[in-house]
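Visitor: The structure under discussion is supplied below as structure tokens; questions concerning it will follow.
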Amino acid sequence: RESYIVTVTGDRMELGTSRLTLTNEENNPTVSSIEQIRVERLVHRLMIMSDTDHHLTALLQRKAHAKYLMGGLNYLPEYFSGLDASKSWICFWIIHSLELLDEMPSSNHINRMVTYLSKLQSPTGGFGGGPQQLAHLAPTYAATCALMICGTQQAYDVIDRESMYKFLLSRKCPDGSFTMHENGEVDIRGVYCALAVASLLNILTPELTEGVPEWLARCQTYEGGFGGDVGLEAHGGYTYCGLAAIVILDSVHLIDKDLLVYWLQDRQMRLEGGFQGRPNKLVDGCYSFWQGASFPLVDEYIINPEQYNPDDDSDAISFGENEGGWCFNQLALQEYLYICCEDDHGGLRDKPGVRRDFYHTCYTLSGLSIAQHNPHYHPESKTIYGRAENLLVPNDPIYNITPRNVAKAKAYFSAKPKIQ
Amino acid sequence: MNYLRAFFLSKELTPRALIVTEEAVSFNPANYTAWYYRRLIRNEVGGWDEELEIIQDFVSENAKNYQVWFHYRCVIEALNDPTDCLNFIAEMLEKDAKNYHAWTIRQWALKFFGLWDNELEYVDKLLNLDVRNNSAWNQRFFVIESTTGYTNEVLKAEIIYTQEKLKRGSNNTSAWNYLRGLAKVSSYNELPEIEEFCVEKLESTWGITCGQLYVTLIDIYTKSGDHEKLATAIEYCEKLQSGLDDIHKKYWIYRKTTLEKLIA
């Protein structure tokens, strides 16, 4: 690590990189800059308090995280009432985190989860957030992916493919967008959820996808990212949904590719190392996945597409030794997660000062896995901050479940009959 | 919750069903099934005025919740009366000027009711309060695109507007994204004042401290196709990767590599 001196006014000293200087407000403090500097001070203090060899010694608290997650599987206290309509999400956040940590629960637990998830399925297709709740695209994605992670035949067979297809189709609007539930809001998350599920279950049809790529492309803004609907501000979560959906539909050629890549990498924070969701907003651990997972996708479709063509011999762009193959600072992201996001009692958080929760645990770990694993053609297969045993199981950027479970699921469902 | 399930399954659309849903959403404002059911009941028994008061309270208390905002929109739509809508949303934006749901419903209301008249003025007010408010910049783009469109006259005026805002703080990604966004609607060739502005600013302290200045010049020069400018763009990539924007070093290496291929 370089040595550094930080001054409060943001003057850069020659000793090192500009990373550890606070943002310069240029005599114009506003809510945005005040908030940003507040977080920078917190993060900065934690960084300088850490050991100088932290990048070699940092240890992911696997056991603590697993314990926290297992606690969630067994018991959800009253104050989680706000998640009463998100039970499938809780299942997904927990089981996906456990699969990344390579701490899958016993088959007993898995079977119980499968049974529980089956109660969330609507008789008219799709899944709701709780038993007898209206089917909704987000819990449908969550339940489906949780079942794919459970990975048993019983889990796969929970899903009624025919009614699922009807449900997905019923969400589709003439303009190519999807509503989240009957009489519900349109947003780009819905498209992603529908297509991810359809693609896993082998029910992706022209009828379902017609007009969708064109609508998705309209969600890209002048900034380069995607908004939740046409005209809305470019945002990390929606950009991920838009890009992943566009990749599923093999329609990357419809968007402004260069501008997307610029916007994406610009979201990595100079000092914190983690990602923000939009310009002039704060870092948040969950964007480690929402922003981070887009990088393997842009690598394949925009930056180094030839590397994914087995007949192509050309060289990939080289970013330097130990830097990893994605177009963002993989070590700085990981550093942010270890120094700022790990809770001593297990679980991970948004940023210092905010409480841990299963959602942030899931998405920080999901982003961590992406940052640790490199493209298949890269000379260094891993870029690990801290100890070698921090390495998580690889993570598929399209589905946010492990590639092994994606492959297993696709193999199972591709053998099922096509939907008419 | 069990009551709600029983009522929902029975499809009863009565005032007493309404009470059950109210309990459900008070327990969990994210209960989209309960909100959906409420809408069905209201369609049957009426009382949308009352619903407006109720939902406004929920939105105030749960500003980061999708369901209450969408329900608010449905109420306004059912009443077909946007009278206080923009004011209410503005109140919510006063508490959190970047609330994504607030902006979502605001854009919907503007389009649905055609309430464009004062919106640019409102955006301007927000930018005066916080020039770094990226949502306000996005709204600016949305309003202009939906009303006058980016005519030549409008583009020229917007360039001046953005440059003025940049003088309040050169280190403002939102303003630079907007400036480059103007060129995207048109082109740097049609808007030479952007390049002139940037080249002029190179001579000032911005040339030492402002990474976005170089980002913009790289964008201009990349699109110019001029070999000399491409070479300068490569120099600027090196400048960014080695100090001014080193967290994004790998990206500038990528850009540089791409530019070098163009010159080769």
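Naming works like this for the structure tokens: A, B, ... for the chains as they're shown, residue 1 at the start of each chain, ligands 1 onward in shown order.
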Would you list the contacts of segment 135-142 of chain B as a list in words, taking every protein, DNA or RNA residue within 7 Å and counting only C-alpha atoms, but skipping same-chain residues closer than 6 positions in sequence?
Guide: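 Everything that qualifies: Gly231 and Glu233 of chain A; Lys98, Leu120, Val123, Leu126, Leu127, Ser174 and Tyr178 of chain B.
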Visitor: Let me see the file: selected residues, N, CA and C atoms, as a PDB file, in the first residue's frame.
Guide:
```
ATOM      1  N   GLY A 231     -37.286   7.316 -19.744  1.00  0.00           N
ATOM      2  CA  GLY A 231     -37.217   8.677 -19.215  1.00  0.00           C
ATOM      3  C   GLY A 231     -36.646   8.775 -17.807  1.00  0.00           C
ATOM      4  N   GLU A 233     -34.153   8.171 -14.482  1.00  0.00           N
ATOM      5  CA  GLU A 233     -32.720   8.343 -14.260  1.00  0.00           C
ATOM      6  C   GLU A 233     -31.962   7.010 -14.321  1.00  0.00           C
TER       7      GLU A 233
ATOM      8  N   LYS B  98     -33.769  13.037  -4.172  1.00  0.00           N
ATOM      9  CA  LYS B  98     -33.398  12.071  -5.200  1.00  0.00           C
ATOM     10  C   LYS B  98     -34.258  10.808  -5.132  1.00  0.00           C
ATOM     11  N   LEU B 120     -39.771  22.958 -15.852  1.00  0.00           N
ATOM     12  CA  LEU B 120     -38.373  23.351 -16.046  1.00  0.00           C
ATOM     13  C   LEU B 120     -37.948  24.341 -14.958  1.00  0.00           C
ATOM     14  N   VAL B 123     -37.227  22.331 -11.903  1.00  0.00           N
ATOM     15  CA  VAL B 123     -35.912  21.694 -12.018  1.00  0.00           C
ATOM     16  C   VAL B 123     -34.812  22.698 -11.710  1.00  0.00           C
ATOM     17  N   LEU B 126     -34.463  23.281  -8.054  1.00  0.00           N
ATOM     18  CA  LEU B 126     -33.746  22.195  -7.384  1.00  0.00           C
ATOM     19  C   LEU B 126     -32.249  22.262  -7.648  1.00  0.00           C
ATOM     20  N   LEU B 127     -31.896  22.621  -8.872  1.00  0.00           N
ATOM     21  CA  LEU B 127     -30.466  22.696  -9.193  1.00  0.00           C
ATOM     22  C   LEU B 127     -29.801  23.871  -8.494  1.00  0.00           C
ATOM     23  N   SER B 174     -22.622  15.070 -12.650  1.00  0.00           N
ATOM     24  CA  SER B 174     -23.963  15.212 -13.217  1.00  0.00           C
ATOM     25  C   SER B 174     -23.985  16.250 -14.335  1.00  0.00           C
ATOM     26  N   TYR B 178     -24.493  15.666 -18.402  1.00  0.00           N
ATOM     27  CA  TYR B 178     -25.530  16.388 -19.145  1.00  0.00           C
ATOM     28  C   TYR B 178     -24.928  17.102 -20.360  1.00  0.00           C
TER      29      TYR B 178
END
```
Visitor: Residues of chain A within 6 Å of chain B, counting only C-alpha atoms, what are they? List them as a tab-separated table (two decimals) with N, CA and C atoms, in the first residue's frame.
Guide:
```
chain	number	residue	atom	x	y	z
A	26	GLU	N	-15.15	22.70	-3.42
A	26	GLU	CA	-14.98	23.92	-4.23
A	26	GLU	C	-15.84	25.07	-3.73
A	30	THR	N	-23.22	21.42	-0.80
A	30	THR	CA	-24.64	21.14	-0.98
A	30	THR	C	-24.93	19.82	-0.26
A	81	SER	N	-41.69	-7.70	9.82
A	81	SER	CA	-43.01	-7.61	9.20
A	81	SER	C	-42.93	-6.96	7.83
A	82	GLY	N	-41.99	-6.03	7.69
A	82	GLY	CA	-41.84	-5.34	6.41
A	82	GLY	C	-41.44	-6.26	5.28
A	85	ALA	N	-44.07	-9.77	2.73
A	85	ALA	CA	-44.42	-10.03	1.33
A	85	ALA	C	-43.17	-10.34	0.51
A	133	GLN	N	-50.49	-14.94	-1.58
A	133	GLN	CA	-50.34	-13.58	-2.08
A	133	GLN	C	-50.36	-13.62	-3.60
A	134	LEU	N	-50.70	-12.48	-4.17
A	134	LEU	CA	-50.76	-12.34	-5.61
A	134	LEU	C	-49.39	-12.66	-6.23
A	222	TYR	N	-29.33	9.40	-21.56
A	222	TYR	CA	-28.20	10.17	-22.10
A	222	TYR	C	-26.93	9.95	-21.29
A	223	GLU	N	-27.07	9.43	-20.07
A	223	GLU	CA	-25.89	9.19	-19.23
A	223	GLU	C	-25.19	7.87	-19.58
A	231	GLY	N	-37.29	7.32	-19.74
A	231	GLY	CA	-37.22	8.68	-19.21
A	231	GLY	C	-36.65	8.78	-17.81
A	233	GLU	N	-34.15	8.17	-14.48
A	233	GLU	CA	-32.72	8.34	-14.26
A	233	GLU	C	-31.96	7.01	-14.32
A	270	ARG	N	-14.02	6.74	-6.03
A	270	ARG	CA	-12.61	7.08	-5.97
A	270	ARG	C	-11.95	6.69	-4.64
A	319	PHE	N	-4.54	-5.27	-18.46
A	319	PHE	CA	-4.67	-4.20	-17.47
A	319	PHE	C	-3.52	-4.14	-16.49
A	327	CYS	N	-13.09	-4.73	-16.19
A	327	CYS	CA	-12.72	-3.33	-16.37
A	327	CYS	C	-13.08	-2.44	-15.17
```
Visitor: Give me the residues within 7 Å of segment 47-64 of chain B as an MDAnalysis selection string, counting only C-alpha atoms and dropping any in the same chain fewer than 5 places off.
Guide: chainID B and resid 42 69 72 75 79
Visitor: Based on the selection just made, write N, CA, C and O atoms of those residues as a PDB file, in the first residue's frame.
Guide:
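Result written to again-v2.pdb:
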```pdb
ATOM      1  N   ARG B  42     -62.183  -0.315  -3.744  1.00  0.00           N
ATOM      2  CA  ARG B  42     -62.512   1.087  -4.014  1.00  0.00           C
ATOM      3  C   ARG B  42     -63.248   1.230  -5.332  1.00  0.00           C
ATOM      4  O   ARG B  42     -64.167   2.052  -5.453  1.00  0.00           O
ATOM      5  N   TRP B  69     -46.217   4.256  -3.289  1.00  0.00           N
ATOM      6  CA  TRP B  69     -46.128   5.244  -4.350  1.00  0.00           C
ATOM      7  C   TRP B  69     -46.987   4.862  -5.545  1.00  0.00           C
ATOM      8  O   TRP B  69     -47.671   5.692  -6.129  1.00  0.00           O
ATOM      9  N   TYR B  72     -50.511   5.481  -4.693  1.00  0.00           N
ATOM     10  CA  TYR B  72     -50.765   6.917  -4.784  1.00  0.00           C
ATOM     11  C   TYR B  72     -51.087   7.297  -6.222  1.00  0.00           C
ATOM     12  O   TYR B  72     -52.065   8.004  -6.514  1.00  0.00           O
ATOM     13  N   VAL B  75     -54.530   6.184  -7.203  1.00  0.00           N
ATOM     14  CA  VAL B  75     -55.573   7.027  -6.616  1.00  0.00           C
ATOM     15  C   VAL B  75     -55.743   8.297  -7.441  1.00  0.00           C
ATOM     16  O   VAL B  75     -56.863   8.696  -7.787  1.00  0.00           O
ATOM     17  N   LEU B  79     -59.115   9.387  -9.428  1.00  0.00           N
ATOM     18  CA  LEU B  79     -59.764  10.678  -9.199  1.00  0.00           C
ATOM     19  C   LEU B  79     -59.679  11.554 -10.440  1.00  0.00           C
ATOM     20  O   LEU B  79     -60.430  12.513 -10.593  1.00  0.00           O
TER      21      LEU B  79
END
```
Visitor: State, in Å with one decimal place, the distance from atom CA of Leu117 of chain A to atom CA of Gly129 of chain A.
Guide: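 Distance between the two atoms: 9.6 Å.
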Visitor: Find the distance between atom CA of Lys351 of chain A and atom CA of Leu282 of chain A and write it in Å to one decimal.
Guide: 9.1 Å
Visitor: Contacts of segment 388-405 of chain A at 7 Å or less, counting only C-alpha atoms, minus same-chain residues fewer than 6 places along, as a list in words?
Guide: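 Selected residues are Leu59, Leu60, His96, Leu100, Leu101, Asp102, Met148, Ile149, Gly151, Ala196, Ala244, Ala293, Pro296, Ser366, Ser369, Ile370, Gln372 and His373 of chain A.
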Visitor: Write out as an MDAnalysis selection string each polymer residue whose atoms come within 12 Å of Gly225 of chain B, counting only C-alpha atoms; drop sequence neighbours fewer than 6 positions from it.
Guide: chainID B and resid 188:189 218:219 231:233 259 262:263
Visitor: Identify, with DSSP run on backbone atoms, the residues in segment 66-96 of chain A assigned to helix (DSSP H, G or I), and express the list as a PyMOL selection string.
Guide: chain A and resi 66-74+78-83+87-96
Visitor: I need the chosen residues saved as an mmCIF file, in the first residue's frame, with C-alpha atoms.
Guide:
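Final output, saved to result.cif:
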```
data_model
loop_
_atom_site.group_PDB
_atom_site.id
_atom_site.type_symbol
_atom_site.label_atom_id
_atom_site.label_comp_id
_atom_site.auth_asym_id
_atom_site.auth_seq_id
_atom_site.Cartn_x
_atom_site.Cartn_y
_atom_site.Cartn_z
ATOM 1 C CA ALA A 66 -22.912 -18.758 7.769
ATOM 2 C CA LYS A 67 -24.204 -18.659 11.343
ATOM 3 C CA TYR A 68 -26.076 -15.409 10.717
ATOM 4 C CA LEU A 69 -27.592 -16.826 7.543
ATOM 5 C CA MET A 70 -28.633 -20.117 9.111
ATOM 6 C CA GLY A 71 -30.306 -18.122 11.878
ATOM 7 C CA GLY A 72 -32.419 -16.500 9.194
ATOM 8 C CA LEU A 73 -33.442 -19.831 7.756
ATOM 9 C CA ASN A 74 -34.745 -20.995 11.080
ATOM 10 C CA GLU A 78 -41.584 -9.916 14.312
ATOM 11 C CA TYR A 79 -39.714 -6.837 13.239
ATOM 12 C CA PHE A 80 -39.335 -8.392 9.830
ATOM 13 C CA SER A 81 -43.009 -7.611 9.203
ATOM 14 C CA GLY A 82 -41.844 -5.345 6.409
ATOM 15 C CA LEU A 83 -40.588 -8.417 4.615
ATOM 16 C CA LYS A 87 -40.467 -14.392 1.943
ATOM 17 C CA SER A 88 -39.134 -15.829 -1.297
ATOM 18 C CA TRP A 89 -36.540 -13.058 -1.371
ATOM 19 C CA ILE A 90 -35.377 -13.949 2.119
ATOM 20 C CA CYS A 91 -35.023 -17.559 1.001
ATOM 21 C CA PHE A 92 -33.029 -16.508 -2.050
ATOM 22 C CA TRP A 93 -30.777 -14.044 -0.217
ATOM 23 C CA ILE A 94 -29.922 -16.648 2.388
ATOM 24 C CA ILE A 95 -29.512 -19.740 0.228
ATOM 25 C CA HIS A 96 -27.533 -17.909 -2.450
#
```
Visitor: Which value, in Å to one decimal, gives the distance between atom CA of Ile160 of chain B and atom CA of Ile255 of chain A?
Guide: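 These two atoms are separated by 28.7 Å.
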Visitor: I need the residues in segment 165-310 of chain A that are strand (DSSP E or B) according to DSSP; give them as an NGL selection string.
Guide: :A and (172 or 178-179 or 186 or 220 or 226 or 268 or 275-276 or 283)
Visitor: Taking N, CA and C atoms for each residue, export the selection above as an mmCIF file, in the first residue's frame.
Guide:
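So the final result, stored in again-v5.cif, reads:
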```cif
data_model
loop_
_atom_site.group_PDB
_atom_site.id
_atom_site.type_symbol
_atom_site.label_atom_id
_atom_site.label_comp_id
_atom_site.auth_asym_id
_atom_site.auth_seq_id
_atom_site.Cartn_x
_atom_site.Cartn_y
_atom_site.Cartn_z
ATOM 1 N N LYS A 172 -46.962 -9.188 -19.745
ATOM 2 C CA LYS A 172 -46.368 -8.455 -20.867
ATOM 3 C C LYS A 172 -47.321 -7.401 -21.413
ATOM 4 N N PHE A 178 -43.032 -5.065 -18.987
ATOM 5 C CA PHE A 178 -43.765 -6.034 -18.164
ATOM 6 C C PHE A 178 -44.249 -5.346 -16.893
ATOM 7 N N THR A 179 -45.463 -5.632 -16.469
ATOM 8 C CA THR A 179 -45.912 -5.151 -15.158
ATOM 9 C C THR A 179 -45.509 -6.183 -14.109
ATOM 10 N N VAL A 186 -45.110 -0.946 -13.989
ATOM 11 C CA VAL A 186 -44.131 -1.383 -14.986
ATOM 12 C C VAL A 186 -42.765 -0.985 -14.481
ATOM 13 N N GLN A 220 -32.306 3.212 -21.882
ATOM 14 C CA GLN A 220 -30.952 3.747 -21.727
ATOM 15 C C GLN A 220 -31.039 5.269 -21.830
ATOM 16 N N PHE A 226 -29.184 2.596 -17.473
ATOM 17 C CA PHE A 226 -30.605 2.385 -17.750
ATOM 18 C C PHE A 226 -31.451 2.840 -16.566
ATOM 19 N N GLN A 268 -17.684 3.412 -9.837
ATOM 20 C CA GLN A 268 -16.794 2.969 -8.764
ATOM 21 C C GLN A 268 -16.233 4.196 -8.072
ATOM 22 N N PHE A 275 -19.099 0.688 -5.070
ATOM 23 C CA PHE A 275 -19.872 1.335 -6.131
ATOM 24 C C PHE A 275 -21.033 2.147 -5.579
ATOM 25 N N GLN A 276 -21.385 3.187 -6.289
ATOM 26 C CA GLN A 276 -22.600 3.951 -6.048
ATOM 27 C C GLN A 276 -23.652 3.529 -7.080
ATOM 28 N N VAL A 283 -21.886 5.534 -1.774
ATOM 29 C CA VAL A 283 -21.490 4.140 -1.959
ATOM 30 C C VAL A 283 -22.469 3.228 -1.215
#
```
Visitor: Tell me, as a PyMOL selection string, which residues lie within 7 Å of segment 106-116 of chain A, counting only C-alpha atoms; anything in the same chain fewer than 5 positions away does not count.
Guide: chain A and resi 147+150+155
Visitor: Name the residues in contact with Val39 of chain A at a cut-off of 9 Å, using only C-alpha atoms, excluding same-chain residues fewer than 3 positions from it; report them as a PDB file with all heavy atoms, in the first residue's frame.
Guide:
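Printed below is result.pdb as written:
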```pdb
ATOM      1  N   ILE A  34     -22.021  17.274   1.155  1.00  0.00           N
ATOM      2  CA  ILE A  34     -21.925  17.112   2.607  1.00  0.00           C
ATOM      3  C   ILE A  34     -22.072  15.645   2.974  1.00  0.00           C
ATOM      4  O   ILE A  34     -21.292  15.099   3.767  1.00  0.00           O
ATOM      5  CB  ILE A  34     -23.003  17.971   3.312  1.00  0.00           C
ATOM      6  CG1 ILE A  34     -22.661  19.456   3.142  1.00  0.00           C
ATOM      7  CG2 ILE A  34     -23.102  17.620   4.794  1.00  0.00           C
ATOM      8  CD1 ILE A  34     -23.808  20.401   3.473  1.00  0.00           C
ATOM      9  N   GLU A  35     -23.068  15.004   2.377  1.00  0.00           N
ATOM     10  CA  GLU A  35     -23.282  13.580   2.629  1.00  0.00           C
ATOM     11  C   GLU A  35     -22.089  12.750   2.164  1.00  0.00           C
ATOM     12  O   GLU A  35     -21.638  11.832   2.855  1.00  0.00           O
ATOM     13  CB  GLU A  35     -24.544  13.103   1.906  1.00  0.00           C
ATOM     14  CG  GLU A  35     -25.817  13.422   2.647  1.00  0.00           C
ATOM     15  CD  GLU A  35     -25.818  12.764   4.012  1.00  0.00           C
ATOM     16  OE1 GLU A  35     -25.894  11.530   4.093  1.00  0.00           O
ATOM     17  OE2 GLU A  35     -25.695  13.497   5.016  1.00  0.00           O
ATOM     18  N   GLN A  36     -21.599  13.057   0.980  1.00  0.00           N
ATOM     19  CA  GLN A  36     -20.493  12.292   0.412  1.00  0.00           C
ATOM     20  C   GLN A  36     -19.254  12.395   1.303  1.00  0.00           C
ATOM     21  O   GLN A  36     -18.605  11.387   1.609  1.00  0.00           O
ATOM     22  CB  GLN A  36     -20.177  12.795  -1.004  1.00  0.00           C
ATOM     23  CG  GLN A  36     -18.948  12.169  -1.663  1.00  0.00           C
ATOM     24  CD  GLN A  36     -19.035  10.659  -1.806  1.00  0.00           C
ATOM     25  OE1 GLN A  36     -20.130  10.087  -1.819  1.00  0.00           O
ATOM     26  NE2 GLN A  36     -17.892  10.008  -1.883  1.00  0.00           N
ATOM     27  N   LEU A  42     -15.758   8.609   7.302  1.00  0.00           N
ATOM     28  CA  LEU A  42     -15.968   7.318   7.982  1.00  0.00           C
ATOM     29  C   LEU A  42     -15.085   6.239   7.362  1.00  0.00           C
ATOM     30  O   LEU A  42     -14.370   5.515   8.058  1.00  0.00           O
ATOM     31  CB  LEU A  42     -17.422   6.879   7.815  1.00  0.00           C
ATOM     32  CG  LEU A  42     -18.440   7.224   8.882  1.00  0.00           C
ATOM     33  CD1 LEU A  42     -19.830   6.774   8.411  1.00  0.00           C
ATOM     34  CD2 LEU A  42     -18.089   6.554  10.200  1.00  0.00           C
ATOM     35  N   VAL A  43     -15.188   6.135   6.041  1.00  0.00           N
ATOM     36  CA  VAL A  43     -14.471   5.085   5.317  1.00  0.00           C
ATOM     37  C   VAL A  43     -12.965   5.299   5.442  1.00  0.00           C
ATOM     38  O   VAL A  43     -12.200   4.369   5.707  1.00  0.00           O
ATOM     39  CB  VAL A  43     -14.893   5.057   3.834  1.00  0.00           C
ATOM     40  CG1 VAL A  43     -13.988   4.146   3.013  1.00  0.00           C
ATOM     41  CG2 VAL A  43     -16.349   4.606   3.707  1.00  0.00           C
ATOM     42  N   HIS A  44     -12.570   6.540   5.282  1.00  0.00           N
ATOM     43  CA  HIS A  44     -11.161   6.883   5.354  1.00  0.00           C
ATOM     44  C   HIS A  44     -10.571   6.497   6.709  1.00  0.00           C
ATOM     45  O   HIS A  44      -9.494   5.911   6.800  1.00  0.00           O
ATOM     46  CB  HIS A  44     -11.004   8.383   5.097  1.00  0.00           C
ATOM     47  CG  HIS A  44      -9.628   8.873   5.360  1.00  0.00           C
ATOM     48  ND1 HIS A  44      -9.289   9.591   6.490  1.00  0.00           N
ATOM     49  CD2 HIS A  44      -8.486   8.728   4.658  1.00  0.00           C
ATOM     50  CE1 HIS A  44      -8.008   9.867   6.452  1.00  0.00           C
ATOM     51  NE2 HIS A  44      -7.500   9.365   5.362  1.00  0.00           N
ATOM     52  N   GLU A 272     -13.761   5.314  -1.667  1.00  0.00           N
ATOM     53  CA  GLU A 272     -14.324   4.148  -0.988  1.00  0.00           C
ATOM     54  C   GLU A 272     -13.965   2.830  -1.680  1.00  0.00           C
ATOM     55  O   GLU A 272     -13.799   1.805  -1.037  1.00  0.00           O
ATOM     56  CB  GLU A 272     -15.843   4.262  -0.876  1.00  0.00           C
ATOM     57  CG  GLU A 272     -16.338   5.513  -0.132  1.00  0.00           C
ATOM     58  CD  GLU A 272     -16.608   6.678  -1.079  1.00  0.00           C
ATOM     59  OE1 GLU A 272     -15.696   7.060  -1.851  1.00  0.00           O
ATOM     60  OE2 GLU A 272     -17.724   7.225  -1.054  1.00  0.00           O
ATOM     61  N   LEU A 282     -24.352   8.026  -2.721  1.00  0.00           N
ATOM     62  CA  LEU A 282     -23.382   7.394  -1.829  1.00  0.00           C
ATOM     63  C   LEU A 282     -23.050   5.954  -2.223  1.00  0.00           C
ATOM     64  O   LEU A 282     -23.849   5.259  -2.859  1.00  0.00           O
ATOM     65  CB  LEU A 282     -23.929   7.413  -0.394  1.00  0.00           C
ATOM     66  CG  LEU A 282     -24.247   8.809   0.149  1.00  0.00           C
ATOM     67  CD1 LEU A 282     -24.849   8.705   1.547  1.00  0.00           C
ATOM     68  CD2 LEU A 282     -22.993   9.681   0.180  1.00  0.00           C
ATOM     69  N   VAL A 283     -21.886   5.534  -1.774  1.00  0.00           N
ATOM     70  CA  VAL A 283     -21.490   4.140  -1.959  1.00  0.00           C
ATOM     71  C   VAL A 283     -22.469   3.228  -1.215  1.00  0.00           C
ATOM     72  O   VAL A 283     -23.062   3.632  -0.212  1.00  0.00           O
ATOM     73  CB  VAL A 283     -20.060   3.928  -1.411  1.00  0.00           C
ATOM     74  CG1 VAL A 283     -20.035   4.006   0.119  1.00  0.00           C
ATOM     75  CG2 VAL A 283     -19.476   2.616  -1.881  1.00  0.00           C
ATOM     76  N   LYS A 351     -22.962   0.157   4.267  1.00  0.00           N
ATOM     77  CA  LYS A 351     -21.793   1.003   4.514  1.00  0.00           C
ATOM     78  C   LYS A 351     -21.620   1.124   6.009  1.00  0.00           C
ATOM     79  O   LYS A 351     -22.503   0.716   6.758  1.00  0.00           O
ATOM     80  CB  LYS A 351     -21.994   2.391   3.875  1.00  0.00           C
ATOM     81  CG  LYS A 351     -23.201   3.159   4.396  1.00  0.00           C
ATOM     82  CD  LYS A 351     -23.226   4.619   3.952  1.00  0.00           C
ATOM     83  CE  LYS A 351     -23.426   4.842   2.477  1.00  0.00           C
ATOM     84  NZ  LYS A 351     -24.701   4.331   1.969  1.00  0.00           N
ATOM     85  N   PRO A 352     -20.500   1.650   6.490  1.00  0.00           N
ATOM     86  CA  PRO A 352     -20.317   1.792   7.937  1.00  0.00           C
ATOM     87  C   PRO A 352     -21.451   2.602   8.547  1.00  0.00           C
ATOM     88  O   PRO A 352     -21.924   3.578   7.949  1.00  0.00           O
ATOM     89  CB  PRO A 352     -18.993   2.562   8.060  1.00  0.00           C
ATOM     90  CG  PRO A 352     -18.281   2.322   6.789  1.00  0.00           C
ATOM     91  CD  PRO A 352     -19.322   2.117   5.730  1.00  0.00           C
TER      92      PRO A 352
END
```
